[in-house]
$ cat start.pdb   # PDB, C-alpha atoms
ATOM      1  CA  MET A  27      11.506  -4.293 -16.738  1.00  0.00           C
ATOM      2  CA  ILE A  28      10.232  -1.736 -14.215  1.00  0.00           C
ATOM      3  CA  ALA A  29      12.093   1.159 -15.815  1.00  0.00           C
ATOM      4  CA  GLY A  30       9.847   1.026 -18.897  1.00  0.00           C
ATOM      5  CA  PHE A  31       6.799   1.876 -16.809  1.00  0.00           C
ATOM      6  CA  LEU A  32       8.127   4.735 -14.675  1.00  0.00           C
ATOM      7  CA  SER A  33       7.283   7.752 -16.834  1.00  0.00           C
ATOM      8  CA  SER A  34       4.111   8.746 -14.951  1.00  0.00           C
ATOM      9  CA  ASP A  35       4.803   7.086 -11.610  1.00  0.00           C
ATOM     10  CA  HIS A  36       5.328   8.504  -8.140  1.00  0.00           C
ATOM     11  CA  SER A  37       7.607   7.171  -5.442  1.00  0.00           C
ATOM     12  CA  TRP A  38       8.062   7.616  -1.710  1.00  0.00           C
ATOM     13  CA  GLN A  39      11.217   6.954   0.261  1.00  0.00           C
ATOM     14  CA  ARG A  40      11.861   6.053   3.852  1.00  0.00           C
ATOM     15  CA  ARG A  41      15.404   7.398   4.207  1.00  0.00           C
ATOM     16  CA  SER A  42      16.467   5.131   7.059  1.00  0.00           C
ATOM     17  CA  LEU A  43      15.746   2.033   4.972  1.00  0.00           C
ATOM     18  CA  GLY A  44      16.360   3.244   1.475  1.00  0.00           C
ATOM     19  CA  LEU A  45      12.988   1.781   0.404  1.00  0.00           C
ATOM     20  CA  ALA A  46      10.400   3.186  -1.971  1.00  0.00           C
ATOM     21  CA  ALA A  47       6.902   2.493  -3.198  1.00  0.00           C
ATOM     22  CA  VAL A  48       6.447   2.875  -6.932  1.00  0.00           C
ATOM     23  CA  LEU A  49       2.896   3.412  -8.143  1.00  0.00           C
ATOM     24  CA  LEU A  50       1.881   2.091 -11.520  1.00  0.00           C
ATOM     25  CA  GLY A  51      -1.308   2.688 -13.466  1.00  0.00           C
ATOM     26  CA  GLY A  52      -3.556   0.004 -14.887  1.00  0.00           C
ATOM     27  CA  SER A  53      -1.431  -0.479 -18.016  1.00  0.00           C
ATOM     28  CA  PHE A  54       1.263  -2.304 -16.010  1.00  0.00           C
ATOM     29  CA  LEU A  55      -0.195  -5.748 -16.707  1.00  0.00           C
ATOM     30  CA  ALA A  56      -1.025  -5.153 -20.363  1.00  0.00           C
ATOM     31  CA  ALA A  57      -0.092  -8.722 -21.368  1.00  0.00           C
ATOM     32  CA  SER A  58      -2.671 -10.150 -18.922  1.00  0.00           C
ATOM     33  CA  PRO A  59      -6.441 -10.095 -19.289  1.00  0.00           C
ATOM     34  CA  ALA A  60      -7.817  -6.700 -18.247  1.00  0.00           C
ATOM     35  CA  ARG A  61      -8.872  -6.629 -14.596  1.00  0.00           C
ATOM     36  CA  ALA A  62      -9.897  -3.688 -12.497  1.00  0.00           C
ATOM     37  CA  ASP A  63      -8.313  -4.164  -9.076  1.00  0.00           C
ATOM     38  CA  LEU A  64      -6.023  -2.471  -6.589  1.00  0.00           C
ATOM     39  CA  ARG A  65      -2.907  -4.645  -6.466  1.00  0.00           C
ATOM     40  CA  MET A  66       0.307  -4.561  -4.429  1.00  0.00           C
ATOM     41  CA  CYS A  67       3.558  -6.115  -5.632  1.00  0.00           C
ATOM     42  CA  ASN A  68       6.498  -6.627  -3.289  1.00  0.00           C
ATOM     43  CA  MET A  69       9.627  -6.234  -5.396  1.00  0.00           C
ATOM     44  CA  THR A  70      11.959  -6.411  -2.389  1.00  0.00           C
ATOM     45  CA  SER A  71      14.007  -9.317  -1.076  1.00  0.00           C
ATOM     46  CA  SER A  72      12.010  -9.284   2.192  1.00  0.00           C
ATOM     47  CA  ARG A  73       8.620 -10.491   3.333  1.00  0.00           C
ATOM     48  CA  VAL A  74       6.299  -7.504   3.781  1.00  0.00           C
ATOM     49  CA  GLY A  75       3.062  -6.832   5.695  1.00  0.00           C
ATOM     50  CA  VAL A  76       0.595  -4.350   4.177  1.00  0.00           C
ATOM     51  CA  ALA A  77      -2.319  -2.365   5.621  1.00  0.00           C
ATOM     52  CA  LEU A  78      -4.712  -0.374   3.441  1.00  0.00           C
ATOM     53  CA  GLY A  79      -6.914   2.646   4.190  1.00  0.00           C
ATOM     54  CA  TYR A  80      -9.729   3.950   1.993  1.00  0.00           C
ATOM     55  CA  ARG A  81     -13.208   5.510   1.963  1.00  0.00           C
ATOM     56  CA  ASP A  82     -16.206   3.339   1.194  1.00  0.00           C
ATOM     57  CA  GLY A  83     -19.928   4.167   1.248  1.00  0.00           C
ATOM     58  CA  GLN A  84     -19.925   4.259   5.081  1.00  0.00           C
ATOM     59  CA  GLY A  85     -16.751   6.320   5.655  1.00  0.00           C
ATOM     60  CA  TRP A  86     -13.107   5.516   6.396  1.00  0.00           C
ATOM     61  CA  VAL A  87     -11.952   1.935   6.808  1.00  0.00           C
ATOM     62  CA  THR A  88      -8.527   0.378   7.355  1.00  0.00           C
ATOM     63  CA  GLU A  89      -7.734  -3.267   6.699  1.00  0.00           C
ATOM     64  CA  GLY A  90      -4.699  -5.477   7.183  1.00  0.00           C
ATOM     65  CA  TRP A  91      -2.587  -7.489   7.065  1.00  0.00           C
ATOM     66  CA  TRP A  92      -1.778  -8.821   3.648  1.00  0.00           C
ATOM     67  CA  ASN A  93       1.461 -10.782   3.848  1.00  0.00           C
ATOM     68  CA  LEU A  94       3.486 -10.592   0.652  1.00  0.00           C
ATOM     69  CA  ASN A  95       6.427 -12.829  -0.014  1.00  0.00           C
ATOM     70  CA  SER A  96       9.490 -11.439  -1.728  1.00  0.00           C
ATOM     71  CA  ARG A  97       8.665 -10.801  -5.398  1.00  0.00           C
ATOM     72  CA  GLY A  98       4.985 -11.585  -4.755  1.00  0.00           C
ATOM     73  CA  CYS A  99       1.812  -9.713  -5.691  1.00  0.00           C
ATOM     74  CA  GLU A 100      -1.592  -9.630  -4.014  1.00  0.00           C
ATOM     75  CA  THR A 101      -4.966  -8.121  -4.888  1.00  0.00           C
ATOM     76  CA  LEU A 102      -5.966  -5.771  -2.057  1.00  0.00           C
ATOM     77  CA  LEU A 103      -9.344  -4.705  -3.478  1.00  0.00           C
ATOM     78  CA  GLN A 104     -11.218  -6.508  -6.246  1.00  0.00           C
ATOM     79  CA  GLY A 105     -13.218  -4.721  -8.911  1.00  0.00           C
ATOM     80  CA  GLN A 106     -13.153  -1.199 -10.277  1.00  0.00           C
ATOM     81  CA  LEU A 107     -11.702   1.357  -7.901  1.00  0.00           C
ATOM     82  CA  ALA A 108     -14.394   3.626  -6.458  1.00  0.00           C
ATOM     83  CA  GLY A 109     -12.096   6.391  -5.188  1.00  0.00           C
ATOM     84  CA  ARG A 110      -9.076   8.346  -6.297  1.00  0.00           C
ATOM     85  CA  PHE A 111      -7.028   8.173  -3.082  1.00  0.00           C
ATOM     86  CA  TYR A 112      -5.915   5.086  -1.169  1.00  0.00           C
ATOM     87  CA  TYR A 113      -3.534   4.904   1.778  1.00  0.00           C
ATOM     88  CA  VAL A 114      -0.844   2.301   2.466  1.00  0.00           C
ATOM     89  CA  TYR A 115       1.297   1.374   5.454  1.00  0.00           C
ATOM     90  CA  ALA A 116       3.766  -1.485   5.041  1.00  0.00           C
ATOM     91  CA  ILE A 117       6.370  -3.116   7.273  1.00  0.00           C
ATOM     92  CA  ASP A 118       9.453  -5.107   6.375  1.00  0.00           C
ATOM     93  CA  TYR A 119       9.250  -8.343   8.371  1.00  0.00           C
ATOM     94  CA  ASP A 120      12.805  -9.482   7.630  1.00  0.00           C
ATOM     95  CA  ARG A 121      14.966  -6.356   7.938  1.00  0.00           C
ATOM     96  CA  GLY A 122      12.718  -4.070   9.958  1.00  0.00           C
ATOM     97  CA  GLY A 123      11.511  -0.639   8.968  1.00  0.00           C
ATOM     98  CA  GLU A 124       8.422   0.561   7.175  1.00  0.00           C
ATOM     99  CA  TRP A 125       6.890   2.436   4.274  1.00  0.00           C
ATOM    100  CA  SER A 126       4.842   5.160   5.924  1.00  0.00           C
ATOM    101  CA  GLY A 127       3.484   8.666   5.529  1.00  0.00           C
ATOM    102  CA  ARG A 128       1.640  11.485   7.252  1.00  0.00           C
ATOM    103  CA  SER A 129      -1.954  10.252   6.997  1.00  0.00           C
ATOM    104  CA  PHE A 130      -2.669   8.664  10.364  1.00  0.00           C
ATOM    105  CA  MET A 131      -5.101   5.774  10.574  1.00  0.00           C
ATOM    106  CA  CYS A 132      -5.872   2.907  12.934  1.00  0.00           C
ATOM    107  CA  THR A 133      -4.134  -0.481  12.789  1.00  0.00           C
ATOM    108  CA  ARG A 134      -3.468  -3.409  15.100  1.00  0.00           C
ATOM    109  CA  GLU A 135      -0.929  -6.201  15.273  1.00  0.00           C
ATOM    110  CA  ARG A 136      -3.149  -9.009  14.008  1.00  0.00           C
ATOM    111  CA  GLU A 137      -5.682  -9.176  11.152  1.00  0.00           C
ATOM    112  CA  PHE A 138      -8.149  -6.275  11.255  1.00  0.00           C
ATOM    113  CA  THR A 139     -10.911  -4.258   9.645  1.00  0.00           C
ATOM    114  CA  ILE A 140     -11.409  -0.978  11.507  1.00  0.00           C
ATOM    115  CA  ARG A 141     -14.100   1.624  10.795  1.00  0.00           C
ATOM    116  CA  GLY A 142     -13.088   5.252  11.365  1.00  0.00           C
ATOM    117  CA  THR A 143      -9.715   6.928  11.798  1.00  0.00           C
ATOM    118  CA  GLU A 144     -10.407   8.932  14.953  1.00  0.00           C
ATOM    119  CA  ASP A 145      -9.218   8.177  18.503  1.00  0.00           C
ATOM    120  CA  CYS A 146      -7.237   5.069  17.513  1.00  0.00           C
ATOM    121  CA  LEU A 147      -5.409   4.734  20.840  1.00  0.00           C
ATOM    122  CA  ALA A 148      -8.521   5.418  22.946  1.00  0.00           C
ATOM    123  CA  ARG A 149     -10.349   2.692  21.007  1.00  0.00           C
ATOM    124  CA  GLY A 150      -7.573   0.185  21.718  1.00  0.00           C
ATOM    125  CA  PHE A 151      -5.842   0.327  18.322  1.00  0.00           C
ATOM    126  CA  ASP A 152      -2.415   1.441  17.152  1.00  0.00           C
ATOM    127  CA  ARG A 153      -2.015   4.689  15.200  1.00  0.00           C
ATOM    128  CA  SER A 154       0.111   4.346  12.055  1.00  0.00           C
ATOM    129  CA  GLY A 155       1.174   6.809   9.366  1.00  0.00           C
ATOM    130  CA  PHE A 156       0.016   5.807   5.882  1.00  0.00           C
ATOM    131  CA  PHE A 157       1.305   7.211   2.588  1.00  0.00           C
ATOM    132  CA  GLU A 158      -1.169   8.478   0.016  1.00  0.00           C
ATOM    133  CA  VAL A 159      -1.648   6.790  -3.348  1.00  0.00           C
ATOM    134  CA  ASP A 160      -3.268   9.013  -5.980  1.00  0.00           C
ATOM    135  CA  THR A 161      -4.712   6.754  -8.678  1.00  0.00           C
ATOM    136  CA  GLY A 162      -5.800   9.693 -10.825  1.00  0.00           C
ATOM    137  CA  GLU A 163      -9.272   8.110 -10.818  1.00  0.00           C
ATOM    138  CA  GLN A 164      -8.063   5.104 -12.800  1.00  0.00           C
ATOM    139  CA  LYS A 165     -10.256   2.014 -12.437  1.00  0.00           C
ATOM    140  CA  SER A 166      -7.259  -0.281 -11.868  1.00  0.00           C
ATOM    141  CA  TRP A 167      -3.924   0.405 -10.124  1.00  0.00           C
ATOM    142  CA  THR A 168      -0.803  -1.487  -9.076  1.00  0.00           C
ATOM    143  CA  ILE A 169       1.515  -0.343  -6.272  1.00  0.00           C
ATOM    144  CA  GLN A 170       5.051  -1.738  -6.175  1.00  0.00           C
ATOM    145  CA  LEU A 171       7.238  -1.684  -3.078  1.00  0.00           C
ATOM    146  CA  THR A 172      10.924  -1.562  -4.038  1.00  0.00           C
ATOM    147  CA  GLU A 173      14.338  -1.179  -2.472  1.00  0.00           C
ATOM    148  CA  THR A 174      16.046   1.984  -3.680  1.00  0.00           C
ATOM    149  CA  ASN A 175      19.476   0.374  -3.778  1.00  0.00           C
ATOM    150  CA  ARG A 176      18.316  -2.264  -6.295  1.00  0.00           C
ATOM    151  CA  PRO A 177      18.397  -1.746 -10.075  1.00  0.00           C
ATOM    152  CA  GLY A 178      15.009  -0.461 -11.247  1.00  0.00           C
ATOM    153  CA  GLY A 179      14.176   1.057  -7.848  1.00  0.00           C
ATOM    154  CA  GLN A 180      13.443   4.750  -7.374  1.00  0.00           C
TER     155      GLN A 180
END

$ encode --input "start.pdb" --output "structure tokens"
Amino acid sequence: MIAGFLSSDHSWQRRSLGLAAVLLGGSFLAASPARADLRMCNMTSSRVGVALGYRDGQGWVTEGWWNLNSRGCETLLQGQLAGRFYYVYAIDYDRGGEWSGRSFMCTREREFTIRGTEDCLARGFDRSGFFEVDTGEQKSWTIQLTETNRPGGQ
């Protein structure tokens, strides 16, 4: 089912895990009522923790953790997306490893909302590398985490 939606998608890989994040535009859930949200779907066989970074009216903010069961989806932000770029860091609770990137933002081990991305360690937070999600200024977007060794993965 995923393969039919991959024509304009992007994917990132973490080589040591063979995992990828597939980004899908708002048309992914065409059979459902139209909603404008940022959603994350975990298409892996593992439980996954997700942190999100984005700009709001007051500057940069990071939030976490959303815990997604295997094959589960979660709405990370409700309503029409206000920005083009969002940033994601995710960890595989069951097999270890992560989906990460080169955009460093603040996180912590337990639930958090952190304002600002500067001086994470000096402020008592962890510093994690997030990967960039370019929504192309769509008002709704779905991100799928997949395993590259599974059919339909990238």

$ closest_residue --input "start.pdb" --among "A:Lys165, A:Arg136, A:Arg73, A:Arg141" --to "Asn95 of chain A" --atoms "only C-alpha atoms"
A:Arg73

$ axis_aligned_box --input "start.pdb" --around "segment 110-121 of chain A" --padding-each-side "3 Å" --output "AutoDock Vina command-line options"
--center_x 2.9 --center_y -0.6 --center_z 1.0 --size_x 30.0 --size_y 23.8 --size_z 20.7

$ resolve_selection --input "start.pdb" --expression "the PyMOL selection byres ((chain A and resi 89) around 12)" --output "ChimeraX atom specification"
/A:75-81,86-88,90-92,102-103,112-116,131-143,156

$ residues_around --input "start.pdb" --residues "Leu64 of chain A" --least-positions-apart "5" --cutoff "8 Å" --atoms "only C-alpha atoms" --output "list in words"
Thr101, Leu102, Leu103, Gln104, Gly105, Leu107, Ser166, Trp167, Thr168 and Ile169 of chain A

$ resolve_selection --input "start.pdb" --expression "the PyMOL selection byres ((chain A and resi 126) around 9)" --output "MDAnalysis selection string"
chainID A and resid 38:40 114:117 124:125 127:129 154:157

$ atom_distance --input "start.pdb" --atom1 "atom CA of Val159 of chain A" --atom2 "atom CA of Leu147 of chain A"
24.6 Å

$ closest_residue --input "start.pdb" --among "A:Gly123, A:Leu171, A:Gln84, A:Phe130" --to "Arg153 of chain A" --atoms "all atoms listed in the file"
A:Phe130

$ atom_distance --input "start.pdb" --atom1 "atom CA of Cys99 of chain A" --atom2 "atom CA of Asn68 of chain A"
6.1 Å

$ atom_distance --input "start.pdb" --atom1 "atom CA of Arg121 of chain A" --atom2 "atom CA of Ser96 of chain A"
12.2 Å

$ closest_residue --input "start.pdb" --among "A:Glu158, A:Asp118, A:Glu163, A:Asp152" --to "Ser71 of chain A" --atoms "only C-alpha atoms"
A:Asp118

$ closest_residue --input "start.pdb" --among "A:Gln170, A:Asn93, A:Thr161, A:Thr70" --to "Ala108 of chain A" --atoms "all atoms listed in the file"
A:Thr161

$ closest_residue --input "start.pdb" --among "A:Ala148, A:Asp82, A:Leu94, A:Ala62" --to "Tyr119 of chain A" --atoms "all atoms listed in the file"
A:Leu94
